[in-house]
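input_8.cif (mmCIF, C-alpha atoms; chains and numbers go by the auth columns)
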```
data_upload
#
loop_
_atom_site.group_PDB
_atom_site.id
_atom_site.type_symbol
_atom_site.label_atom_id
_atom_site.label_comp_id
_atom_site.label_asym_id
_atom_site.label_seq_id
_atom_site.Cartn_x
_atom_site.Cartn_y
_atom_site.Cartn_z
_atom_site.B_iso_or_equiv
_atom_site.auth_seq_id
_atom_site.auth_asym_id
ATOM 1 C CA MET A 1 0.000 0.000 0.000 0.00 9 A
ATOM 2 C CA SER A 2 1.364 3.405 -0.965 0.00 10 A
ATOM 3 C CA ILE A 3 1.790 6.266 1.497 0.00 11 A
ATOM 4 C CA THR A 4 -1.080 8.169 -0.139 0.00 12 A
ATOM 5 C CA GLU A 5 -3.414 5.201 0.275 0.00 13 A
ATOM 6 C CA GLN A 6 -2.350 4.832 3.911 0.00 14 A
ATOM 7 C CA VAL A 7 -3.078 8.502 4.588 0.00 15 A
ATOM 8 C CA VAL A 8 -6.491 8.228 2.916 0.00 16 A
ATOM 9 C CA ASP A 9 -7.335 5.204 5.064 0.00 17 A
ATOM 10 C CA LEU A 10 -6.170 7.035 8.190 0.00 18 A
ATOM 11 C CA MET A 11 -8.001 10.284 7.417 0.00 19 A
ATOM 12 C CA PRO A 12 -11.326 9.483 9.182 0.00 20 A
ATOM 13 C CA THR A 13 -9.472 8.572 12.370 0.00 21 A
ATOM 14 C CA LEU A 14 -7.140 11.562 12.060 0.00 22 A
ATOM 15 C CA LEU A 15 -10.089 13.931 11.656 0.00 23 A
ATOM 16 C CA GLU A 16 -11.876 12.348 14.613 0.00 24 A
ATOM 17 C CA GLN A 17 -8.797 12.734 16.808 0.00 25 A
ATOM 18 C CA THR A 18 -8.368 16.319 15.576 0.00 26 A
ATOM 19 C CA GLY A 19 -11.933 17.045 16.686 0.00 27 A
ATOM 20 C CA ILE A 20 -11.253 15.545 20.118 0.00 28 A
ATOM 21 C CA MET A 21 -8.058 17.589 20.419 0.00 29 A
ATOM 22 C CA MET A 22 -9.869 20.822 19.576 0.00 30 A
ATOM 23 C CA TRP A 23 -12.706 19.986 21.989 0.00 31 A
ATOM 24 C CA ILE A 24 -10.157 19.519 24.785 0.00 32 A
ATOM 25 C CA VAL A 25 -8.345 22.732 23.820 0.00 33 A
ATOM 26 C CA VAL A 26 -11.513 24.852 23.571 0.00 34 A
ATOM 27 C CA LEU A 27 -12.902 23.696 26.925 0.00 35 A
ATOM 28 C CA SER A 28 -9.531 24.162 28.606 0.00 36 A
ATOM 29 C CA LEU A 29 -9.207 27.637 27.090 0.00 37 A
ATOM 30 C CA VAL A 30 -12.661 28.637 28.342 0.00 38 A
ATOM 31 C CA PHE A 31 -12.062 27.492 31.919 0.00 39 A
ATOM 32 C CA GLY A 32 -8.358 28.317 32.104 0.00 40 A
ATOM 33 C CA GLY A 33 -8.831 31.551 30.154 0.00 41 A
ATOM 34 C CA ILE A 34 -11.489 32.916 32.478 0.00 42 A
ATOM 35 C CA ALA A 35 -9.585 31.929 35.624 0.00 43 A
ATOM 36 C CA GLY A 36 -6.261 33.118 34.195 0.00 44 A
ATOM 37 C CA THR A 37 -7.710 36.471 33.183 0.00 45 A
ATOM 38 C CA ILE A 38 -9.099 36.994 36.687 0.00 46 A
ATOM 39 C CA VAL A 39 -5.829 36.016 38.380 0.00 47 A
ATOM 40 C CA GLY A 40 -3.706 38.023 35.919 0.00 48 A
ATOM 41 C CA THR A 41 -5.862 41.130 36.335 0.00 49 A
ATOM 42 C CA ALA A 42 -5.703 40.727 40.110 0.00 50 A
ATOM 43 C CA LEU A 43 -1.903 40.547 39.933 0.00 51 A
ATOM 44 C CA TYR A 44 -1.811 43.752 37.906 0.00 52 A
ATOM 45 C CA VAL A 45 -4.192 45.847 40.006 0.00 53 A
ATOM 46 C CA THR A 46 -2.903 44.706 43.432 0.00 54 A
ATOM 47 C CA ARG A 47 0.822 45.207 42.723 0.00 55 A
ATOM 48 C CA LYS A 48 2.713 48.215 44.099 0.00 56 A
ATOM 49 C CA GLY A 49 1.336 51.315 42.420 0.00 57 A
ATOM 50 C CA GLY A 50 -1.733 49.469 41.116 0.00 58 A
ATOM 51 C CA ILE A 51 -5.208 50.966 41.300 0.00 59 A
ATOM 52 C CA MET A 52 -6.147 48.458 44.031 0.00 60 A
ATOM 53 C CA GLN A 53 -2.746 48.107 45.671 0.00 61 A
ATOM 54 C CA GLN A 54 -2.766 45.181 48.123 0.00 62 A
ATOM 55 C CA PRO A 55 0.782 43.909 48.777 0.00 63 A
ATOM 56 C CA VAL A 56 -0.316 40.808 50.704 0.00 64 A
ATOM 57 C CA ILE A 57 -2.784 39.658 48.033 0.00 65 A
ATOM 58 C CA PHE A 58 -0.248 40.343 45.294 0.00 66 A
ATOM 59 C CA TRP A 59 2.451 38.416 47.152 0.00 67 A
ATOM 60 C CA VAL A 60 0.191 35.378 47.683 0.00 68 A
ATOM 61 C CA LEU A 61 -0.987 35.315 44.055 0.00 69 A
ATOM 62 C CA ASN A 62 2.553 35.856 42.771 0.00 70 A
ATOM 63 C CA VAL A 63 3.921 32.974 44.852 0.00 71 A
ATOM 64 C CA ILE A 64 1.125 30.633 43.699 0.00 72 A
ATOM 65 C CA VAL A 65 1.663 31.460 40.017 0.00 73 A
ATOM 66 C CA ASN A 66 5.448 31.196 40.306 0.00 74 A
ATOM 67 C CA THR A 67 5.118 27.854 42.103 0.00 75 A
ATOM 68 C CA PHE A 68 2.897 26.081 39.584 0.00 76 A
ATOM 69 C CA ARG A 69 3.728 27.746 36.253 0.00 77 A
ATOM 70 C CA PRO A 70 7.241 26.235 35.825 0.00 78 A
ATOM 71 C CA VAL A 71 6.136 22.651 36.625 0.00 79 A
ATOM 72 C CA PRO A 72 6.435 20.447 33.484 0.00 80 A
ATOM 73 C CA PHE A 73 2.930 19.583 32.352 0.00 81 A
ATOM 74 C CA ILE A 74 3.579 15.851 32.102 0.00 82 A
ATOM 75 C CA ILE A 75 4.436 15.857 35.824 0.00 83 A
ATOM 76 C CA PHE A 76 1.656 18.286 36.751 0.00 84 A
ATOM 77 C CA ILE A 77 -1.135 16.297 35.101 0.00 85 A
ATOM 78 C CA ALA A 78 -0.021 13.112 36.866 0.00 86 A
ATOM 79 C CA ALA A 79 0.300 14.843 40.242 0.00 87 A
ATOM 80 C CA ILE A 80 -3.123 16.482 39.992 0.00 88 A
ATOM 81 C CA GLN A 81 -4.998 13.181 39.473 0.00 89 A
ATOM 82 C CA PRO A 82 -6.268 12.936 43.086 0.00 90 A
ATOM 83 C CA LEU A 83 -7.779 16.433 42.838 0.00 91 A
ATOM 84 C CA ALA A 84 -9.290 15.568 39.448 0.00 92 A
ATOM 85 C CA ARG A 85 -11.040 12.567 41.018 0.00 93 A
ATOM 86 C CA GLN A 86 -12.596 14.823 43.635 0.00 94 A
ATOM 87 C CA VAL A 87 -13.729 17.481 41.151 0.00 95 A
ATOM 88 C CA VAL A 88 -14.704 15.626 37.954 0.00 96 A
ATOM 89 C CA GLY A 89 -15.135 12.150 39.401 0.00 97 A
ATOM 90 C CA THR A 90 -12.249 10.503 37.584 0.00 98 A
ATOM 91 C CA GLY A 91 -8.485 10.791 37.398 0.00 99 A
ATOM 92 C CA ILE A 92 -8.237 9.391 33.865 0.00 100 A
ATOM 93 C CA GLY A 93 -9.809 10.126 30.499 0.00 101 A
ATOM 94 C CA SER A 94 -10.550 13.315 28.601 0.00 102 A
ATOM 95 C CA ASP A 95 -12.502 14.934 31.459 0.00 103 A
ATOM 96 C CA ALA A 96 -9.458 14.653 33.715 0.00 104 A
ATOM 97 C CA VAL A 97 -7.289 15.983 30.885 0.00 105 A
ATOM 98 C CA VAL A 98 -9.513 19.061 30.478 0.00 106 A
ATOM 99 C CA PHE A 99 -9.386 19.650 34.229 0.00 107 A
ATOM 100 C CA GLY A 100 -5.589 19.326 34.355 0.00 108 A
ATOM 101 C CA ILE A 101 -4.969 21.534 31.322 0.00 109 A
ATOM 102 C CA SER A 102 -7.416 24.146 32.641 0.00 110 A
ATOM 103 C CA ILE A 103 -5.557 24.382 35.943 0.00 111 A
ATOM 104 C CA ALA A 104 -2.154 24.567 34.230 0.00 112 A
ATOM 105 C CA ALA A 105 -3.479 27.123 31.731 0.00 113 A
ATOM 106 C CA THR A 106 -4.767 29.323 34.555 0.00 114 A
ATOM 107 C CA PHE A 107 -1.264 30.057 35.835 0.00 115 A
ATOM 108 C CA PHE A 108 0.223 30.315 32.354 0.00 116 A
ATOM 109 C CA ILE A 109 -2.468 32.700 31.089 0.00 117 A
ATOM 110 C CA ALA A 110 -2.413 34.717 34.325 0.00 118 A
ATOM 111 C CA ARG A 111 1.187 35.729 33.673 0.00 119 A
ATOM 112 C CA LEU A 112 0.423 36.532 30.020 0.00 120 A
ATOM 113 C CA VAL A 113 -2.483 38.746 31.061 0.00 121 A
ATOM 114 C CA GLU A 114 -0.437 40.526 33.727 0.00 122 A
ATOM 115 C CA GLN A 115 2.378 41.252 31.262 0.00 123 A
ATOM 116 C CA ASN A 116 -0.002 42.593 28.618 0.00 124 A
ATOM 117 C CA LEU A 117 -1.820 44.816 31.123 0.00 125 A
ATOM 118 C CA MET A 118 1.521 46.279 32.185 0.00 126 A
ATOM 119 C CA ALA A 119 1.761 47.769 28.695 0.00 127 A
ATOM 120 C CA VAL A 120 -1.352 49.929 29.220 0.00 128 A
ATOM 121 C CA ASP A 121 -0.475 53.630 29.268 0.00 129 A
ATOM 122 C CA PRO A 122 -0.629 54.836 32.920 0.00 130 A
ATOM 123 C CA GLY A 123 -1.766 58.231 31.655 0.00 131 A
ATOM 124 C CA VAL A 124 -5.021 56.735 30.405 0.00 132 A
ATOM 125 C CA ILE A 125 -5.681 55.253 33.829 0.00 133 A
ATOM 126 C CA GLU A 126 -4.862 58.523 35.573 0.00 134 A
ATOM 127 C CA ALA A 127 -7.217 60.370 33.219 0.00 135 A
ATOM 128 C CA ALA A 128 -10.036 57.969 34.136 0.00 136 A
ATOM 129 C CA ARG A 129 -9.252 58.468 37.823 0.00 137 A
ATOM 130 C CA ALA A 130 -9.334 62.239 37.385 0.00 138 A
ATOM 131 C CA MET A 131 -12.831 61.936 35.923 0.00 139 A
ATOM 132 C CA GLY A 132 -13.973 60.126 39.061 0.00 140 A
ATOM 133 C CA ALA A 133 -14.061 56.549 37.755 0.00 141 A
ATOM 134 C CA GLY A 134 -13.724 53.894 40.451 0.00 142 A
ATOM 135 C CA PRO A 135 -11.287 50.953 40.319 0.00 143 A
ATOM 136 C CA TRP A 136 -13.809 48.402 39.016 0.00 144 A
ATOM 137 C CA ARG A 137 -15.021 50.760 36.309 0.00 145 A
ATOM 138 C CA ILE A 138 -11.442 51.523 35.263 0.00 146 A
ATOM 139 C CA ILE A 139 -10.708 47.797 34.977 0.00 147 A
ATOM 140 C CA ARG A 140 -13.820 47.170 32.855 0.00 148 A
ATOM 141 C CA THR A 141 -13.792 50.243 30.639 0.00 149 A
ATOM 142 C CA VAL A 142 -10.136 51.287 30.429 0.00 150 A
ATOM 143 C CA ILE A 143 -7.544 48.653 31.335 0.00 151 A
ATOM 144 C CA LEU A 144 -9.011 45.559 29.669 0.00 152 A
ATOM 145 C CA PRO A 145 -10.218 47.353 26.493 0.00 153 A
ATOM 146 C CA GLU A 146 -6.851 49.127 26.095 0.00 154 A
ATOM 147 C CA ALA A 147 -4.992 45.804 26.331 0.00 155 A
ATOM 148 C CA PHE A 148 -7.473 43.817 24.226 0.00 156 A
ATOM 149 C CA GLY A 149 -5.332 43.673 21.062 0.00 157 A
ATOM 150 C CA PRO A 150 -2.185 42.369 22.790 0.00 158 A
ATOM 151 C CA LEU A 151 -4.353 40.043 24.877 0.00 159 A
ATOM 152 C CA ILE A 152 -5.702 38.450 21.690 0.00 160 A
ATOM 153 C CA LEU A 153 -2.134 37.663 20.643 0.00 161 A
ATOM 154 C CA GLY A 154 -1.467 36.306 24.128 0.00 162 A
ATOM 155 C CA TYR A 155 -4.518 34.045 24.012 0.00 163 A
ATOM 156 C CA THR A 156 -3.471 32.873 20.541 0.00 164 A
ATOM 157 C CA PHE A 157 -0.113 31.857 21.975 0.00 165 A
ATOM 158 C CA ALA A 158 -1.956 30.146 24.831 0.00 166 A
ATOM 159 C CA VAL A 159 -4.120 28.099 22.429 0.00 167 A
ATOM 160 C CA ILE A 160 -1.010 26.803 20.688 0.00 168 A
ATOM 161 C CA ALA A 161 0.490 25.911 24.076 0.00 169 A
ATOM 162 C CA LEU A 162 -2.718 24.033 24.981 0.00 170 A
ATOM 163 C CA ILE A 163 -2.428 21.984 21.784 0.00 171 A
ATOM 164 C CA ASP A 164 1.070 21.077 22.940 0.00 172 A
ATOM 165 C CA MET A 165 -0.278 20.099 26.376 0.00 173 A
ATOM 166 C CA SER A 166 -2.975 17.922 24.824 0.00 174 A
ATOM 167 C CA ALA A 167 -0.271 15.826 23.167 0.00 175 A
ATOM 168 C CA VAL A 168 0.663 14.266 26.511 0.00 176 A
ATOM 169 C CA ALA A 169 -2.949 13.495 27.412 0.00 177 A
ATOM 170 C CA GLY A 170 -2.315 9.791 26.921 0.00 178 A
ATOM 171 C CA ILE A 171 -0.439 9.576 30.209 0.00 179 A
ATOM 172 C CA ILE A 172 -3.807 9.619 31.992 0.00 180 A
ATOM 173 C CA GLY A 173 -5.852 7.943 29.273 0.00 181 A
ATOM 174 C CA GLY A 174 -6.851 11.024 27.309 0.00 182 A
ATOM 175 C CA GLU A 175 -7.399 11.131 23.574 0.00 183 A
ATOM 176 C CA GLY A 176 -6.529 13.599 20.834 0.00 184 A
ATOM 177 C CA LEU A 177 -4.329 13.909 17.786 0.00 185 A
ATOM 178 C CA GLY A 178 -1.066 14.317 19.680 0.00 186 A
ATOM 179 C CA ASN A 179 -1.671 11.217 21.770 0.00 187 A
ATOM 180 C CA TYR A 180 -2.768 9.288 18.656 0.00 188 A
ATOM 181 C CA ALA A 181 0.521 10.181 16.944 0.00 189 A
ATOM 182 C CA VAL A 182 2.506 8.921 19.924 0.00 190 A
ATOM 183 C CA ALA A 183 0.455 5.781 20.613 0.00 191 A
ATOM 184 C CA TYR A 184 -0.102 4.604 17.046 0.00 192 A
ATOM 185 C CA GLY A 185 2.777 6.271 15.265 0.00 193 A
ATOM 186 C CA TYR A 186 5.837 6.415 17.499 0.00 194 A
ATOM 187 C CA ARG A 187 5.111 3.353 19.654 0.00 195 A
ATOM 188 C CA GLN A 188 3.886 1.237 16.741 0.00 196 A
ATOM 189 C CA PHE A 189 6.811 2.325 14.534 0.00 197 A
ATOM 190 C CA ASP A 190 4.450 3.742 11.908 0.00 198 A
ATOM 191 C CA PRO A 191 5.972 6.963 10.554 0.00 199 A
ATOM 192 C CA VAL A 192 2.987 7.576 8.266 0.00 200 A
ATOM 193 C CA VAL A 193 0.704 8.042 11.291 0.00 201 A
ATOM 194 C CA THR A 194 3.255 10.257 13.031 0.00 202 A
ATOM 195 C CA TRP A 195 3.871 12.517 10.042 0.00 203 A
ATOM 196 C CA ALA A 196 0.224 12.715 8.996 0.00 204 A
ATOM 197 C CA ALA A 197 -0.724 13.819 12.529 0.00 205 A
ATOM 198 C CA LEU A 198 2.194 16.262 12.581 0.00 206 A
ATOM 199 C CA VAL A 199 1.109 17.874 9.301 0.00 207 A
ATOM 200 C CA ILE A 200 -2.456 18.318 10.568 0.00 208 A
ATOM 201 C CA ILE A 201 -1.227 19.859 13.834 0.00 209 A
ATOM 202 C CA VAL A 202 1.013 22.273 11.915 0.00 210 A
ATOM 203 C CA ILE A 203 -1.921 23.293 9.690 0.00 211 A
ATOM 204 C CA VAL A 204 -4.207 23.817 12.701 0.00 212 A
ATOM 205 C CA VAL A 205 -1.554 25.911 14.483 0.00 213 A
ATOM 206 C CA GLN A 206 -0.941 28.019 11.374 0.00 214 A
ATOM 207 C CA LEU A 207 -4.676 28.708 10.984 0.00 215 A
ATOM 208 C CA ILE A 208 -5.061 29.646 14.656 0.00 216 A
ATOM 209 C CA GLN A 209 -2.039 31.960 14.525 0.00 217 A
ATOM 210 C CA ALA A 210 -3.284 33.607 11.332 0.00 218 A
ATOM 211 C CA MET A 211 -6.757 34.207 12.786 0.00 219 A
ATOM 212 C CA GLY A 212 -5.258 35.579 16.011 0.00 220 A
ATOM 213 C CA ASN A 213 -2.976 37.948 14.113 0.00 221 A
ATOM 214 C CA LEU A 214 -5.833 39.140 11.897 0.00 222 A
ATOM 215 C CA LEU A 215 -8.164 39.786 14.829 0.00 223 A
ATOM 216 C CA ALA A 216 -5.440 41.568 16.822 0.00 224 A
ATOM 217 C CA ARG A 217 -4.617 43.833 13.851 0.00 225 A
ATOM 218 C CA LYS A 218 -8.268 44.802 13.414 0.00 226 A
ATOM 219 C CA ILE A 219 -8.591 45.666 17.103 0.00 227 A
ATOM 220 C CA LEU A 220 -5.311 47.631 17.223 0.00 228 A
ATOM 221 C CA ARG A 221 -6.373 49.749 14.237 0.00 229 A
ATOM 222 C CA ARG A 222 -9.463 51.015 16.052 0.00 230 A
#
```

Could you write out this file's structure as structure tokens?
Amino acid sequence: MSITEQVVDLMPTLLEQTGIMMWIVVLSLVFGGIAGTIVGTALYVTRKGGIMQQPVIFWVLNVIVNTFRPVPFIIFIAAIQPLARQVVGTGIGSDAVVFGISIAATFFIARLVEQNLMAVDPGVIEAARAMGAGPWRIIRTVILPEAFGPLILGYTFAVIALIDMSAVAGIIGGEGLGNYAVAYGYRQFDPVVTWAALVIIVIVVQLIQAMGNLLARKILRR
């Protein structure tokens, strides 16, 4: 059987695994993105000189993020299994994978959000303060909108990182294209599976990056 025929035969399975991968990534981005945005914004506004300066809260959040963010994901997802059992009812499978990636993404995205918010012009914030806007209103109507373009690029980078995380989902019984490439390509010594999965992942990443760049440019032009 030629390589082309092998790829054609594999295509239904590859597309199915691609769908599973994207489902895991989207859910993880929703949960981790919301939590990460909250934590990242809290880091920004509670730091020294922030509009809601709270050194103790900032120190606690900073220590938590710095503790968990550097942990390799393959170790993190194995270590978090007991917590996953308590929260989602199982320590294995795609549900546990989504839970683990969401937690890891929270700390990763939090730092991205904090860094992007740091780029907001302090003069804009001071102008809003001078007009009598309170801290919560400034966050909603000034800080987040001003940083929206760079944040889109940050979230785009995060999505690509989540695709990378999903590739090790097999360690706790998860599915997805990355795990399929490892389990049925690398371990079964089938380079056609490995390379076909790799090409699809590259295409997906390129499309996501292109859409993120396009959206960010449109927002930054406004």

Practice item. Select, from A:Leu185, A:Phe115, A:Pro90, A:Val121, the residue with the minimum atom-to-atom distance to Ala155 (chain A), counting all atoms listed in the file. Key: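 Smallest separation from Ala155 (chain A) among the options: A:Val121.
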
Each region 152-218 of chain A residue no farther than 12 Å from region 19-33 of chain A, nearest pair in Å, only C-alpha atoms, as a tab-separated table:
```
residue	atom	partner	partner_atom	distance
A:Tyr163	CA	A:Val33	CA	11.9
A:Thr164	CA	A:Val33	CA	11.7
A:Ala166	CA	A:Val33	CA	9.8
A:Val167	CA	A:Val33	CA	7.0
A:Ile168	CA	A:Val33	CA	9.0
A:Ala169	CA	A:Val33	CA	9.4
A:Leu170	CA	A:Val33	CA	5.9
A:Ile171	CA	A:Val33	CA	6.3
A:Asp172	CA	A:Val33	CA	9.6
A:Met173	CA	A:Val33	CA	8.9
A:Ser174	CA	A:Met29	CA	6.7
A:Ala175	CA	A:Met29	CA	8.4
A:Val176	CA	A:Met29	CA	11.1
A:Ala177	CA	A:Met29	CA	9.6
A:Gly178	CA	A:Met29	CA	11.7
A:Gly182	CA	A:Ile32	CA	9.5
A:Glu183	CA	A:Ile28	CA	6.8
A:Gly184	CA	A:Met29	CA	4.3
A:Leu185	CA	A:Gln25	CA	4.7
A:Gly186	CA	A:Met29	CA	7.8
A:Asn187	CA	A:Gln25	CA	8.8
A:Tyr188	CA	A:Gln25	CA	7.2
A:Ala189	CA	A:Leu22	CA	9.2
A:Tyr192	CA	A:Leu22	CA	11.1
A:Gly193	CA	A:Leu22	CA	11.7
A:Val200	CA	A:Met19	CA	11.3
A:Val201	CA	A:Leu22	CA	8.6
A:Thr202	CA	A:Leu22	CA	10.5
A:Trp203	CA	A:Leu22	CA	11.2
A:Ala204	CA	A:Leu22	CA	8.1
A:Ala205	CA	A:Leu22	CA	6.8
A:Leu206	CA	A:Leu22	CA	10.5
A:Val207	CA	A:Leu22	CA	10.7
A:Ile208	CA	A:Thr26	CA	8.0
A:Ile209	CA	A:Thr26	CA	8.2
A:Val210	CA	A:Thr26	CA	11.7
A:Ile211	CA	A:Thr26	CA	11.2
A:Val212	CA	A:Thr26	CA	9.0
A:Val213	CA	A:Met30	CA	11.0
A:Ile216	CA	A:Met30	CA	11.2
```

Residues of the last selection are to be written out with C-alpha atoms, as a CSV table (one decimal), in the coordinates of the input.
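Written output follows (out12.csv):
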```csv
chain,number,residue,atom,x,y,z
A,163,TYR,CA,-4.5,34.0,24.0
A,164,THR,CA,-3.5,32.9,20.5
A,166,ALA,CA,-2.0,30.1,24.8
A,167,VAL,CA,-4.1,28.1,22.4
A,168,ILE,CA,-1.0,26.8,20.7
A,169,ALA,CA,0.5,25.9,24.1
A,170,LEU,CA,-2.7,24.0,25.0
A,171,ILE,CA,-2.4,22.0,21.8
A,172,ASP,CA,1.1,21.1,22.9
A,173,MET,CA,-0.3,20.1,26.4
A,174,SER,CA,-3.0,17.9,24.8
A,175,ALA,CA,-0.3,15.8,23.2
A,176,VAL,CA,0.7,14.3,26.5
A,177,ALA,CA,-2.9,13.5,27.4
A,178,GLY,CA,-2.3,9.8,26.9
A,182,GLY,CA,-6.9,11.0,27.3
A,183,GLU,CA,-7.4,11.1,23.6
A,184,GLY,CA,-6.5,13.6,20.8
A,185,LEU,CA,-4.3,13.9,17.8
A,186,GLY,CA,-1.1,14.3,19.7
A,187,ASN,CA,-1.7,11.2,21.8
A,188,TYR,CA,-2.8,9.3,18.7
A,189,ALA,CA,0.5,10.2,16.9
A,192,TYR,CA,-0.1,4.6,17.0
A,193,GLY,CA,2.8,6.3,15.3
A,200,VAL,CA,3.0,7.6,8.3
A,201,VAL,CA,0.7,8.0,11.3
A,202,THR,CA,3.3,10.3,13.0
A,203,TRP,CA,3.9,12.5,10.0
A,204,ALA,CA,0.2,12.7,9.0
A,205,ALA,CA,-0.7,13.8,12.5
A,206,LEU,CA,2.2,16.3,12.6
A,207,VAL,CA,1.1,17.9,9.3
A,208,ILE,CA,-2.5,18.3,10.6
A,209,ILE,CA,-1.2,19.9,13.8
A,210,VAL,CA,1.0,22.3,11.9
A,211,ILE,CA,-1.9,23.3,9.7
A,212,VAL,CA,-4.2,23.8,12.7
A,213,VAL,CA,-1.6,25.9,14.5
A,216,ILE,CA,-5.1,29.6,14.7
```

**Study point:** Computed interatomic separation between CA of Ile11 (chain A) and CA of Asp198 (chain A) (Å)
**Key:**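 We find that CA of Ile11 (chain A) and CA of Asp198 (chain A) lie 11.0 Å from each other.
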
Exercise for review: Using all atoms listed in the file, determine which residues lie at most 9 Å from Tyr52 (chain A), disregarding the query and same-chain residues fewer than 2 positions distant; provide the list as a ChimeraX atom specification.
Suggested key: /A:47-50,54-56,58-61,66,121-123,125-126

Would you mind exporting the chosen residues as an mmCIF file, keeping the file's coordinate frame, restricted to C-alpha atoms?
```cif
data_model
loop_
_atom_site.group_PDB
_atom_site.id
_atom_site.type_symbol
_atom_site.label_atom_id
_atom_site.label_comp_id
_atom_site.auth_asym_id
_atom_site.auth_seq_id
_atom_site.Cartn_x
_atom_site.Cartn_y
_atom_site.Cartn_z
ATOM 1 C CA VAL A 47 -5.829 36.016 38.380
ATOM 2 C CA GLY A 48 -3.706 38.023 35.919
ATOM 3 C CA THR A 49 -5.862 41.130 36.335
ATOM 4 C CA ALA A 50 -5.703 40.727 40.110
ATOM 5 C CA THR A 54 -2.903 44.706 43.432
ATOM 6 C CA ARG A 55 0.822 45.207 42.723
ATOM 7 C CA LYS A 56 2.713 48.215 44.099
ATOM 8 C CA GLY A 58 -1.733 49.469 41.116
ATOM 9 C CA ILE A 59 -5.208 50.966 41.300
ATOM 10 C CA MET A 60 -6.147 48.458 44.031
ATOM 11 C CA GLN A 61 -2.746 48.107 45.671
ATOM 12 C CA PHE A 66 -0.248 40.343 45.294
ATOM 13 C CA VAL A 121 -2.483 38.746 31.061
ATOM 14 C CA GLU A 122 -0.437 40.526 33.727
ATOM 15 C CA GLN A 123 2.378 41.252 31.262
ATOM 16 C CA LEU A 125 -1.820 44.816 31.123
ATOM 17 C CA MET A 126 1.521 46.279 32.185
#
```

Exercise for review: For CA of Pro158 (chain A) and CA of Val132 (chain A), determine how far apart the two atoms are, in Å to one decimal place.
Suggested key: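 Atom-to-atom, CA of Pro158 (chain A) to CA of Val132 (chain A), that is 16.5 Å.
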
Incomplete region 68-79 of chain A brought to N, CA, C and O atoms, written out as a PDB file, in the frame of the given file:
```
ATOM      1  N   VAL A  68       0.762  36.733  47.670  1.00  0.00           N
ATOM      2  CA  VAL A  68       0.191  35.378  47.683  1.00  0.00           C
ATOM      3  C   VAL A  68      -0.052  34.875  46.255  1.00  0.00           C
ATOM      4  O   VAL A  68       0.344  33.758  45.899  1.00  0.00           O
ATOM      5  N   LEU A  69      -0.703  35.717  45.439  1.00  0.00           N
ATOM      6  CA  LEU A  69      -0.987  35.315  44.055  1.00  0.00           C
ATOM      7  C   LEU A  69       0.304  35.096  43.276  1.00  0.00           C
ATOM      8  O   LEU A  69       0.429  34.138  42.502  1.00  0.00           O
ATOM      9  N   ASN A  70       1.276  35.955  43.481  1.00  0.00           N
ATOM     10  CA  ASN A  70       2.553  35.856  42.771  1.00  0.00           C
ATOM     11  C   ASN A  70       3.283  34.571  43.129  1.00  0.00           C
ATOM     12  O   ASN A  70       3.840  33.893  42.249  1.00  0.00           O
ATOM     13  N   VAL A  71       3.274  34.211  44.406  1.00  0.00           N
ATOM     14  CA  VAL A  71       3.921  32.974  44.852  1.00  0.00           C
ATOM     15  C   VAL A  71       3.212  31.755  44.258  1.00  0.00           C
ATOM     16  O   VAL A  71       3.863  30.806  43.793  1.00  0.00           O
ATOM     17  N   ILE A  72       1.884  31.761  44.249  1.00  0.00           N
ATOM     18  CA  ILE A  72       1.125  30.633  43.699  1.00  0.00           C
ATOM     19  C   ILE A  72       1.435  30.443  42.213  1.00  0.00           C
ATOM     20  O   ILE A  72       1.711  29.329  41.753  1.00  0.00           O
ATOM     21  N   VAL A  73       1.387  31.541  41.460  1.00  0.00           N
ATOM     22  CA  VAL A  73       1.663  31.460  40.017  1.00  0.00           C
ATOM     23  C   VAL A  73       3.093  31.003  39.767  1.00  0.00           C
ATOM     24  O   VAL A  73       3.339  30.122  38.923  1.00  0.00           O
ATOM     25  N   ASN A  74       4.044  31.563  40.501  1.00  0.00           N
ATOM     26  CA  ASN A  74       5.448  31.196  40.306  1.00  0.00           C
ATOM     27  C   ASN A  74       5.744  29.771  40.737  1.00  0.00           C
ATOM     28  O   ASN A  74       6.708  29.163  40.264  1.00  0.00           O
ATOM     29  N   THR A  75       4.915  29.226  41.641  1.00  0.00           N
ATOM     30  CA  THR A  75       5.118  27.854  42.103  1.00  0.00           C
ATOM     31  C   THR A  75       4.659  26.847  41.058  1.00  0.00           C
ATOM     32  O   THR A  75       5.350  25.865  40.771  1.00  0.00           O
ATOM     33  N   PHE A  76       3.488  27.075  40.479  1.00  0.00           N
ATOM     34  CA  PHE A  76       2.897  26.081  39.584  1.00  0.00           C
ATOM     35  C   PHE A  76       3.251  26.272  38.118  1.00  0.00           C
ATOM     36  O   PHE A  76       3.290  25.301  37.359  1.00  0.00           O
ATOM     37  N   ARG A  77       3.498  27.500  37.682  1.00  0.00           N
ATOM     38  CA  ARG A  77       3.728  27.746  36.253  1.00  0.00           C
ATOM     39  C   ARG A  77       4.942  27.003  35.691  1.00  0.00           C
ATOM     40  O   ARG A  77       4.880  26.504  34.562  1.00  0.00           O
ATOM     41  N   PRO A  78       6.066  26.894  36.421  1.00  0.00           N
ATOM     42  CA  PRO A  78       7.241  26.235  35.825  1.00  0.00           C
ATOM     43  C   PRO A  78       7.172  24.708  35.829  1.00  0.00           C
ATOM     44  O   PRO A  78       8.036  24.058  35.229  1.00  0.00           O
ATOM     45  N   VAL A  79       6.187  24.111  36.513  1.00  0.00           N
ATOM     46  CA  VAL A  79       6.136  22.651  36.625  1.00  0.00           C
ATOM     47  C   VAL A  79       5.865  22.041  35.246  1.00  0.00           C
ATOM     48  O   VAL A  79       4.887  22.405  34.584  1.00  0.00           O
TER      49      VAL A  79
END
```
